[in-house]
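Okay, structure first, notes after.
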Amino acid sequence: MTSGIEDRKMPLVEHLAELRRRLIYSLAAFIILFFVAYAFHQHMFDFLVEPLAKLLEAKSSNGQVRRMIFTAPQEAFFTNVKIAFFAAAFLSFPVIASQIWMFVAPGLYRHEKKAFLPFLVATPALFLMGAAMVYYLVMPVAYQFFLSFETTGAQGGLPIQLETRVSEYLSLSMQLIFAFGLCFELPVLMTLLARVGIVTARGLAEKRRYAIVIAFIVAAVLTPPDVISQVMLAVPILILYEISVICARFVEKGRAARLAALDADPVDPPAD
C-alpha cells in the first residue's frame with residue numbers, strides 16, 4: 001500500500017524538481033544578461049536617444065548644444081538599471097522560452113510539438129518587428145510633434161525649449177516599444193485562441209468592424225496625442241487582425257484534417 005502511494009508521488013516530485021531546474025536556468029540567464037547589459041547601458045541609451053538627438057541637431061542653430069537632464073541624484077542610476085532590465089528581459093526571452101519548451105515538450109504528442117514550436121519563434125520575431133517600427137518610424141514622428149511646441153521667444157518673449165529628463169524619455173520610449181511589440185503579438189494570441197476553440201475565423205471576420213474601433217481606441221491610449229502616431233499603430237493592428245483571421249482558418253482546416261484522420265484510424269498518436 002505504501003509502495004503504491006510512493007509510486008504515485010514520485011512523478012509529481014520529479015516534475016517539481018524539473019520545474020525548479022528550469023526556473024533556476026532562466027533566472028541565471030536573466031541575471032547574467034542583466035549585468036552584461038548594464039556594462040553597455042550607455043551604448044543602449046545612446047541608441048534609444050538617437051531619434052531625438054537627430055531632431056534636436058537639425059533644429060539647433062548657431063552651434064547651440066542641446067542636452068538632457070536629471071533632477072534627482074538617483075535618477076540617472078535607476079534609468080540605467082531600467083535599461084539593463086529591459087534589455088536583459090528581451091535578450092533572455094529565447095533562453096526562458098527554451099526552458100519552458102523543455103519542461104512542457106515531454107508531455108506533448110508529436111503533432112502538438114509541431115503545432116506549438118512555431119509560436120516560440122514567432123513571438124520574439126513579431127515583437128522585434130513592432131519595436132523596429134517604433135524606433136525607425138513612430139518615434140521620429142512623435143518627437144517631431146513634441147518639438148513643434150518650442151518657441152524662439154521673439155519680440156521680448158522668453159523662448160520655450162525642450163530639456164527632457166532622462167527617466168521621462170526612457171519611460172515614453174519603452175512605453176511605445178512595448179505597446180507596439182505587444183500589439184504585434186496579435187496573430188500569435190488569436191491563433192492560440194483558435195487552436196483551443198475560443199475564437200473562430202468566421203467570428204473574427206464578423207466582428208471586423210468592432211476590431212477597427214478597438215484598434216483606434218488602443219492606438220489613441222498607447223501613443224502620443226498626434227493623429228499620425230495613432231494611425232501608424234492602428235493600421236498595423238488591423239493588418240495583423242486580418243492575418244489572425246487567415247491563421248485561424250488554417251488552424252480550423254488542420255483540426256478538421258486531424259479529426260478526419262482519427263475517424264479513419266481511431267488510434268492515439270504515439271508520444272515522444
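Lettering and numbering for the C-alpha cells are positional, with chains as A, B, ... in the shown order, residues counted from 1 in each chain, and ligands counted from 1 in the shown order.
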
#### Entry: Test item: residues at most 12 Å from Gly254 in chain A, only C-alpha atoms, excluding those fewer than 3 positions along its chain, as a ChimeraX atom specification
/A:111-112,115,194-195,247-251,257-261

Take the residues from that selection and write them out as a tab-separated table (two decimals), in the first residue's frame, keeping all heavy atoms.
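Everything below was put into out.tsv:
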```tsv
chain	number	residue	atom	x	y	z
A	111	HIS	N	2.47	15.80	-32.93
A	111	HIS	CA	1.77	16.83	-33.71
A	111	HIS	C	1.56	18.09	-32.87
A	111	HIS	O	1.50	19.20	-33.39
A	111	HIS	CB	0.43	16.30	-34.23
A	111	HIS	CG	-0.61	16.14	-33.16
A	111	HIS	ND1	-0.68	15.01	-32.36
A	111	HIS	CD2	-1.63	16.95	-32.76
A	111	HIS	CE1	-1.70	15.13	-31.52
A	111	HIS	NE2	-2.28	16.29	-31.73
A	112	GLU	N	1.45	17.94	-31.53
A	112	GLU	CA	1.33	19.12	-30.67
A	112	GLU	C	2.64	19.89	-30.61
A	112	GLU	O	2.65	21.12	-30.58
A	112	GLU	CB	0.90	18.68	-29.27
A	112	GLU	CG	-0.52	18.14	-29.21
A	112	GLU	CD	-0.88	17.58	-27.85
A	112	GLU	OE1	0.05	17.15	-27.13
A	112	GLU	OE2	-2.07	17.56	-27.51
A	115	ALA	N	2.92	21.88	-33.65
A	115	ALA	CA	1.97	22.99	-33.68
A	115	ALA	C	2.44	24.17	-32.83
A	115	ALA	O	2.27	25.33	-33.22
A	115	ALA	CB	0.60	22.51	-33.19
A	194	ALA	N	-7.69	30.28	-31.32
A	194	ALA	CA	-8.37	29.46	-32.33
A	194	ALA	C	-8.05	27.98	-32.14
A	194	ALA	O	-8.91	27.11	-32.34
A	194	ALA	CB	-7.98	29.92	-33.73
A	195	ARG	N	-6.83	27.68	-31.73
A	195	ARG	CA	-6.45	26.28	-31.53
A	195	ARG	C	-7.23	25.63	-30.41
A	195	ARG	O	-7.57	24.45	-30.47
A	195	ARG	CB	-4.95	26.17	-31.23
A	195	ARG	CG	-4.06	26.38	-32.44
A	195	ARG	CD	-2.65	25.89	-32.14
A	195	ARG	NE	-2.63	24.47	-31.83
A	195	ARG	CZ	-2.62	23.50	-32.74
A	195	ARG	NH1	-2.59	23.82	-34.03
A	195	ARG	NH2	-2.61	22.24	-32.36
A	247	CYS	N	-4.85	32.97	-40.19
A	247	CYS	CA	-4.23	31.92	-39.37
A	247	CYS	C	-5.29	31.04	-38.72
A	247	CYS	O	-5.13	29.82	-38.62
A	247	CYS	CB	-3.34	32.54	-38.31
A	247	CYS	SG	-1.86	33.35	-38.96
A	248	ALA	N	-6.39	31.66	-38.26
A	248	ALA	CA	-7.47	30.89	-37.64
A	248	ALA	C	-8.09	29.92	-38.64
A	248	ALA	O	-8.46	28.79	-38.29
A	248	ALA	CB	-8.53	31.84	-37.08
A	249	ARG	N	-8.20	30.34	-39.90
A	249	ARG	CA	-8.74	29.44	-40.93
A	249	ARG	C	-7.83	28.24	-41.15
A	249	ARG	O	-8.30	27.10	-41.28
A	249	ARG	CB	-8.93	30.22	-42.24
A	249	ARG	CG	-10.10	31.20	-42.19
A	249	ARG	CD	-10.24	31.97	-43.47
A	249	ARG	NE	-11.33	32.92	-43.39
A	249	ARG	CZ	-11.37	34.06	-44.06
A	249	ARG	NH1	-10.35	34.39	-44.85
A	249	ARG	NH2	-12.41	34.88	-43.94
A	250	PHE	N	-6.52	28.49	-41.18
A	250	PHE	CA	-5.58	27.38	-41.33
A	250	PHE	C	-5.66	26.42	-40.14
A	250	PHE	O	-5.58	25.20	-40.31
A	250	PHE	CB	-4.15	27.92	-41.48
A	250	PHE	CG	-3.82	28.37	-42.87
A	250	PHE	CD1	-3.63	29.71	-43.15
A	250	PHE	CD2	-3.71	27.46	-43.91
A	250	PHE	CE1	-3.33	30.15	-44.43
A	250	PHE	CE2	-3.40	27.88	-45.20
A	250	PHE	CZ	-3.21	29.23	-45.46
A	251	VAL	N	-5.82	26.97	-38.95
A	251	VAL	CA	-5.94	26.13	-37.76
A	251	VAL	C	-7.18	25.26	-37.84
A	251	VAL	O	-7.15	24.07	-37.52
A	251	VAL	CB	-5.96	27.01	-36.49
A	251	VAL	CG1	-6.38	26.20	-35.27
A	251	VAL	CG2	-4.59	27.63	-36.24
A	257	ALA	N	-8.75	18.23	-40.58
A	257	ALA	CA	-7.99	17.14	-41.19
A	257	ALA	C	-7.60	16.10	-40.14
A	257	ALA	O	-7.65	14.89	-40.40
A	257	ALA	CB	-6.75	17.70	-41.89
A	258	ARG	N	-7.21	16.55	-38.94
A	258	ARG	CA	-6.84	15.61	-37.88
A	258	ARG	C	-8.04	14.80	-37.41
A	258	ARG	O	-7.94	13.59	-37.16
A	258	ARG	CB	-6.22	16.35	-36.69
A	258	ARG	CG	-4.83	16.88	-36.96
A	258	ARG	CD	-4.14	17.28	-35.68
A	258	ARG	NE	-4.90	18.32	-34.96
A	258	ARG	CZ	-4.75	19.62	-35.15
A	258	ARG	NH1	-3.88	20.05	-36.05
A	258	ARG	NH2	-5.43	20.49	-34.45
A	259	LEU	N	-9.22	15.44	-37.30
A	259	LEU	CA	-10.42	14.72	-36.90
A	259	LEU	C	-10.81	13.68	-37.94
A	259	LEU	O	-11.23	12.57	-37.61
A	259	LEU	CB	-11.57	15.70	-36.67
A	259	LEU	CG	-11.43	16.62	-35.44
A	259	LEU	CD1	-12.58	17.62	-35.39
A	259	LEU	CD2	-11.37	15.80	-34.17
A	260	ALA	N	-10.63	14.05	-39.21
A	260	ALA	CA	-10.94	13.08	-40.28
A	260	ALA	C	-9.98	11.90	-40.22
A	260	ALA	O	-10.39	10.75	-40.43
A	260	ALA	CB	-10.86	13.78	-41.64
A	261	ALA	N	-8.71	12.18	-39.92
A	261	ALA	CA	-7.73	11.09	-39.81
A	261	ALA	C	-8.04	10.19	-38.62
A	261	ALA	O	-7.89	8.96	-38.70
A	261	ALA	CB	-6.33	11.67	-39.70
```

### Message
At a cut-off of 9 Å, using only C-alpha atoms, what residues contact Pro187 in chain A? Leave out same-chain residues fewer than 3 positions from it and give the result as JSON, numbers by chain.
### Response
{"A": [184, 190, 191, 192, 240, 241, 242, 243, 244, 245, 247, 248]}

Compile the contact shell of range 18-25 of chain A as a PDB file with all heavy atoms, in the first residue's frame: residues with an atom at most 6 Å away, counting only C-alpha atoms, same-chain residues fewer than 3 positions apart removed.
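result-v2.pdb was written with the following content:
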```pdb
ATOM      1  N   HIS A  15       8.515  16.207 -11.394  1.00  0.00           N
ATOM      2  CA  HIS A  15       8.080  17.387 -12.149  1.00  0.00           C
ATOM      3  C   HIS A  15       8.454  18.671 -11.417  1.00  0.00           C
ATOM      4  O   HIS A  15       8.889  19.652 -12.046  1.00  0.00           O
ATOM      5  CB  HIS A  15       6.568  17.336 -12.382  1.00  0.00           C
ATOM      6  CG  HIS A  15       6.154  16.341 -13.420  1.00  0.00           C
ATOM      7  ND1 HIS A  15       6.792  16.223 -14.630  1.00  0.00           N
ATOM      8  CD2 HIS A  15       5.164  15.416 -13.425  1.00  0.00           C
ATOM      9  CE1 HIS A  15       6.221  15.264 -15.353  1.00  0.00           C
ATOM     10  NE2 HIS A  15       5.230  14.764 -14.635  1.00  0.00           N
ATOM     11  N   ALA A  28      19.128  32.480 -13.883  1.00  0.00           N
ATOM     12  CA  ALA A  28      20.567  32.670 -14.053  1.00  0.00           C
ATOM     13  C   ALA A  28      20.861  33.382 -15.372  1.00  0.00           C
ATOM     14  O   ALA A  28      21.710  34.292 -15.424  1.00  0.00           O
ATOM     15  CB  ALA A  28      21.278  31.321 -14.006  1.00  0.00           C
ATOM     16  N   GLN A  99      13.535  26.988 -22.045  1.00  0.00           N
ATOM     17  CA  GLN A  99      13.362  26.249 -20.795  1.00  0.00           C
ATOM     18  C   GLN A  99      11.896  25.846 -20.593  1.00  0.00           C
ATOM     19  O   GLN A  99      11.603  24.725 -20.141  1.00  0.00           O
ATOM     20  CB  GLN A  99      13.838  27.099 -19.613  1.00  0.00           C
ATOM     21  CG  GLN A  99      15.324  27.392 -19.612  1.00  0.00           C
ATOM     22  CD  GLN A  99      16.172  26.128 -19.583  1.00  0.00           C
ATOM     23  OE1 GLN A  99      15.904  25.210 -18.828  1.00  0.00           O
ATOM     24  NE2 GLN A  99      17.193  26.090 -20.434  1.00  0.00           N
TER      25      GLN A  99
END
```

### Message
Residues near Leu222 in chain A, anyone? I mean within 9 Å using only C-alpha atoms, not counting same-chain ones fewer than 2 positions away, as a PyMOL selection string.
### Response
chain A and resi 175-176+179-180+217-220+224+230+233

Output file for the residues above (N, CA and C atoms, as a compact mmCIF listing (two decimals), in the first residue's frame):
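Output below, filename again.txt:
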```txt
# COMPACT_ATOMS: atom_id res chain seq x y z
N GLN A 175 7.47 52.72 -23.30
CA GLN A 175 6.03 52.57 -23.44
C GLN A 175 5.66 52.34 -24.90
N LEU A 176 6.26 53.11 -25.79
CA LEU A 176 5.98 52.94 -27.22
C LEU A 176 6.48 51.59 -27.72
N ALA A 179 4.26 48.83 -26.31
CA ALA A 179 2.91 48.91 -26.87
C ALA A 179 2.88 48.31 -28.27
N PHE A 180 3.81 48.72 -29.12
CA PHE A 180 3.85 48.19 -30.48
C PHE A 180 4.25 46.72 -30.47
N ILE A 217 -9.01 52.96 -30.67
CA ILE A 217 -9.05 53.33 -29.25
C ILE A 217 -7.73 52.95 -28.58
N VAL A 218 -7.25 51.74 -28.85
CA VAL A 218 -5.98 51.30 -28.28
C VAL A 218 -4.85 52.20 -28.75
N ALA A 219 -4.85 52.56 -30.02
CA ALA A 219 -3.80 53.43 -30.55
C ALA A 219 -3.84 54.80 -29.90
N ALA A 220 -5.05 55.31 -29.64
CA ALA A 220 -5.17 56.62 -29.00
C ALA A 220 -4.66 56.60 -27.57
N PRO A 224 1.44 58.86 -28.40
CA PRO A 224 1.33 60.29 -28.10
C PRO A 224 0.10 60.90 -28.78
N GLN A 230 -1.05 57.71 -33.97
CA GLN A 230 -2.18 56.83 -33.72
C GLN A 230 -2.51 55.99 -34.94
N LEU A 233 -0.09 53.13 -35.53
CA LEU A 233 -0.30 51.93 -34.72
C LEU A 233 -1.58 51.23 -35.10
```

### Distance query range 51-58 of chain A at most 10 Å, only C-alpha atoms, self and fewer than 3 positions along chain excluded, as a VMD selection string
chain A and resid 46 to 48 61 63 to 68 135 to 144 147 162 164 169

### Task
Using DSSP on the backbone coordinates, identify the residues of range 75-270 of chain A assigned to helix (DSSP H, G or I); present them as a ChimeraX atom specification.
/A:75-91,93-107,110-147,166-183,186-195,201-206,208-222,227-264

Written file, previous selection with C-alpha atoms, as a compact mmCIF listing (two decimals), in the first residue's frame:
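Heads up, here's the output in result.txt:
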```
# COMPACT_ATOMS: atom_id res chain seq x y z
CA GLU A 75 17.51 59.35 -11.40
CA ALA A 76 20.31 58.63 -13.88
CA PHE A 77 21.37 55.50 -12.00
CA PHE A 78 17.89 54.00 -11.90
CA THR A 79 17.40 54.89 -15.55
CA ASN A 80 20.48 52.83 -16.38
CA VAL A 81 19.14 49.99 -14.24
CA LYS A 82 15.82 50.08 -16.13
CA ILE A 83 17.64 49.98 -19.46
CA ALA A 84 19.64 46.95 -18.33
CA PHE A 85 16.47 45.28 -17.00
CA PHE A 86 14.54 45.74 -20.24
CA ALA A 87 17.50 44.61 -22.34
CA ALA A 88 18.04 41.53 -20.17
CA ALA A 89 14.33 40.65 -20.33
CA PHE A 90 14.38 40.81 -24.12
CA LEU A 91 17.70 39.03 -24.60
CA PHE A 93 13.50 35.52 -23.68
CA PRO A 94 14.90 32.84 -26.05
CA VAL A 95 16.53 31.10 -23.07
CA ILE A 96 13.37 31.34 -20.94
CA ALA A 97 11.20 30.17 -23.84
CA SER A 98 13.50 27.21 -24.48
CA GLN A 99 13.36 26.25 -20.80
CA ILE A 100 9.56 26.40 -20.87
CA TRP A 101 9.60 24.29 -24.01
CA MET A 102 11.91 21.68 -22.50
CA PHE A 103 9.64 21.44 -19.45
CA VAL A 104 6.39 21.13 -21.43
CA ALA A 105 7.54 19.21 -24.52
CA PRO A 106 7.91 15.75 -22.92
CA GLY A 107 4.18 15.73 -22.17
CA ARG A 110 4.45 14.84 -31.84
CA HIS A 111 1.77 16.83 -33.71
CA GLU A 112 1.33 19.12 -30.67
CA LYS A 113 5.06 19.85 -30.63
CA LYS A 114 4.97 20.74 -34.31
CA ALA A 115 1.97 22.99 -33.68
CA PHE A 116 3.40 24.98 -30.74
CA LEU A 117 7.04 25.26 -31.77
CA PRO A 118 6.37 27.97 -34.41
CA PHE A 119 4.81 30.18 -31.74
CA LEU A 120 8.09 30.24 -29.81
CA VAL A 121 9.83 31.51 -32.92
CA ALA A 122 7.09 33.93 -34.00
CA THR A 123 6.71 35.64 -30.60
CA PRO A 124 10.16 37.35 -30.39
CA ALA A 125 10.22 37.95 -34.16
CA LEU A 126 6.90 39.82 -34.12
CA PHE A 127 7.88 41.78 -31.02
CA LEU A 128 11.13 42.81 -32.71
CA MET A 129 9.18 43.93 -35.78
CA GLY A 130 6.96 46.12 -33.62
CA ALA A 131 9.95 47.58 -31.77
CA ALA A 132 11.74 48.32 -35.05
CA MET A 133 8.67 50.10 -36.41
CA VAL A 134 8.54 52.29 -33.29
CA TYR A 135 12.21 53.19 -33.43
CA TYR A 136 12.52 53.95 -37.12
CA LEU A 137 9.05 55.32 -37.93
CA VAL A 138 6.95 56.30 -34.93
CA MET A 139 9.48 57.86 -32.56
CA PRO A 140 10.82 60.42 -35.07
CA VAL A 141 7.26 61.47 -35.89
CA ALA A 142 6.22 61.64 -32.22
CA TYR A 143 9.24 63.67 -31.10
CA GLN A 144 8.90 65.98 -34.08
CA PHE A 145 5.35 66.65 -32.87
CA PHE A 146 6.56 67.44 -29.34
CA LEU A 147 9.37 69.68 -30.62
CA VAL A 166 16.36 61.03 -18.91
CA SER A 167 13.83 58.99 -16.90
CA GLU A 168 10.81 60.51 -18.67
CA TYR A 169 12.39 59.97 -22.08
CA LEU A 170 13.11 56.33 -21.27
CA SER A 171 9.58 55.80 -19.89
CA LEU A 172 7.98 57.19 -23.04
CA SER A 173 10.30 55.28 -25.37
CA MET A 174 9.78 51.97 -23.57
CA GLN A 175 6.03 52.57 -23.44
CA LEU A 176 5.98 52.94 -27.22
CA ILE A 177 8.25 49.95 -27.78
CA PHE A 178 6.25 47.63 -25.55
CA ALA A 179 2.91 48.91 -26.87
CA PHE A 180 3.85 48.19 -30.48
CA GLY A 181 5.67 44.97 -29.58
CA LEU A 182 2.66 43.57 -27.70
CA CYS A 183 0.21 44.67 -30.40
CA LEU A 186 -1.96 39.70 -32.00
CA PRO A 187 -1.66 36.89 -34.60
CA VAL A 188 0.03 34.64 -32.02
CA LEU A 189 -2.69 35.29 -29.45
CA MET A 190 -5.57 34.83 -31.87
CA THR A 191 -4.08 31.67 -33.37
CA LEU A 192 -3.67 30.14 -29.91
CA LEU A 193 -7.27 31.04 -29.06
CA ALA A 194 -8.37 29.46 -32.33
CA ARG A 195 -6.45 26.28 -31.53
CA ALA A 201 -12.25 32.57 -38.20
CA ARG A 202 -15.88 33.28 -39.01
CA GLY A 203 -16.42 35.01 -35.67
CA LEU A 204 -13.31 37.15 -36.13
CA ALA A 205 -14.41 38.15 -39.62
CA GLU A 206 -17.91 39.08 -38.44
CA ARG A 208 -14.16 43.17 -38.00
CA ARG A 209 -15.97 46.50 -37.59
CA TYR A 210 -15.63 46.26 -33.81
CA ALA A 211 -11.94 45.47 -34.24
CA ILE A 212 -11.49 48.68 -36.25
CA VAL A 213 -12.99 50.78 -33.46
CA ILE A 214 -10.99 48.98 -30.75
CA ALA A 215 -7.75 49.33 -32.77
CA PHE A 216 -8.10 53.11 -32.94
CA ILE A 217 -9.05 53.33 -29.25
CA VAL A 218 -5.98 51.30 -28.28
CA ALA A 219 -3.80 53.43 -30.55
CA ALA A 220 -5.17 56.62 -29.00
CA VAL A 221 -4.37 55.35 -25.49
CA LEU A 222 -0.90 53.95 -26.17
CA VAL A 227 -3.06 61.65 -35.28
CA ILE A 228 -0.11 60.36 -37.31
CA SER A 229 1.28 58.20 -34.47
CA GLN A 230 -2.18 56.83 -33.72
CA VAL A 231 -2.77 55.87 -37.33
CA MET A 232 0.71 54.31 -37.53
CA LEU A 233 -0.30 51.93 -34.72
CA ALA A 234 -3.94 51.38 -35.66
CA VAL A 235 -3.24 50.39 -39.27
CA PRO A 236 -0.71 47.62 -38.37
CA ILE A 237 -3.14 46.31 -35.73
CA LEU A 238 -5.85 45.99 -38.38
CA ILE A 239 -3.42 44.28 -40.79
CA LEU A 240 -2.38 41.87 -38.03
CA TYR A 241 -6.07 41.24 -37.27
CA GLU A 242 -6.63 40.17 -40.87
CA ILE A 243 -3.55 37.93 -40.62
CA SER A 244 -5.10 36.45 -37.47
CA VAL A 245 -8.28 35.61 -39.39
CA ILE A 246 -6.22 33.81 -42.03
CA CYS A 247 -4.23 31.92 -39.37
CA ALA A 248 -7.47 30.89 -37.64
CA ARG A 249 -8.74 29.44 -40.93
CA PHE A 250 -5.58 27.38 -41.33
CA VAL A 251 -5.94 26.13 -37.76
CA GLU A 252 -9.52 25.09 -38.35
CA LYS A 253 -8.59 23.29 -41.56
CA GLY A 254 -5.79 21.47 -39.75
CA ARG A 255 -8.15 20.47 -36.93
CA ALA A 256 -10.69 19.17 -39.43
CA ALA A 257 -7.99 17.14 -41.19
CA ARG A 258 -6.84 15.61 -37.88
CA LEU A 259 -10.42 14.72 -36.90
CA ALA A 260 -10.94 13.08 -40.28
CA ALA A 261 -7.73 11.09 -39.81
CA LEU A 262 -8.83 9.98 -36.34
CA ASP A 263 -12.20 8.87 -37.68
CA ALA A 264 -10.44 6.83 -40.29
```

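The two atoms in question, CA of Glu50 in chain A and CA of Thr152 in chain A, are spaced 23.6 Å apart.
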
### Query
Hey, which of A:Phe34, A:Gln42, A:Arg165, A:Pro11 ends up closest to Ala72 in chain A? Count only C-alpha atoms.
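Looking at the shortest contact to Ala72 in chain A, the residue is A:Arg165.
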
#### Entry: One-decimal distance in Å that lies between CA of Gln74 in chain A and CA of Leu33 in chain A
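Result for CA of Leu33 in chain A versus CA of Gln74 in chain A: 22.6 Å, one decimal.
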
#### Entry: d(CA of Leu158 in chain A, CA of Val49 in chain A) in Å
26.7 Å
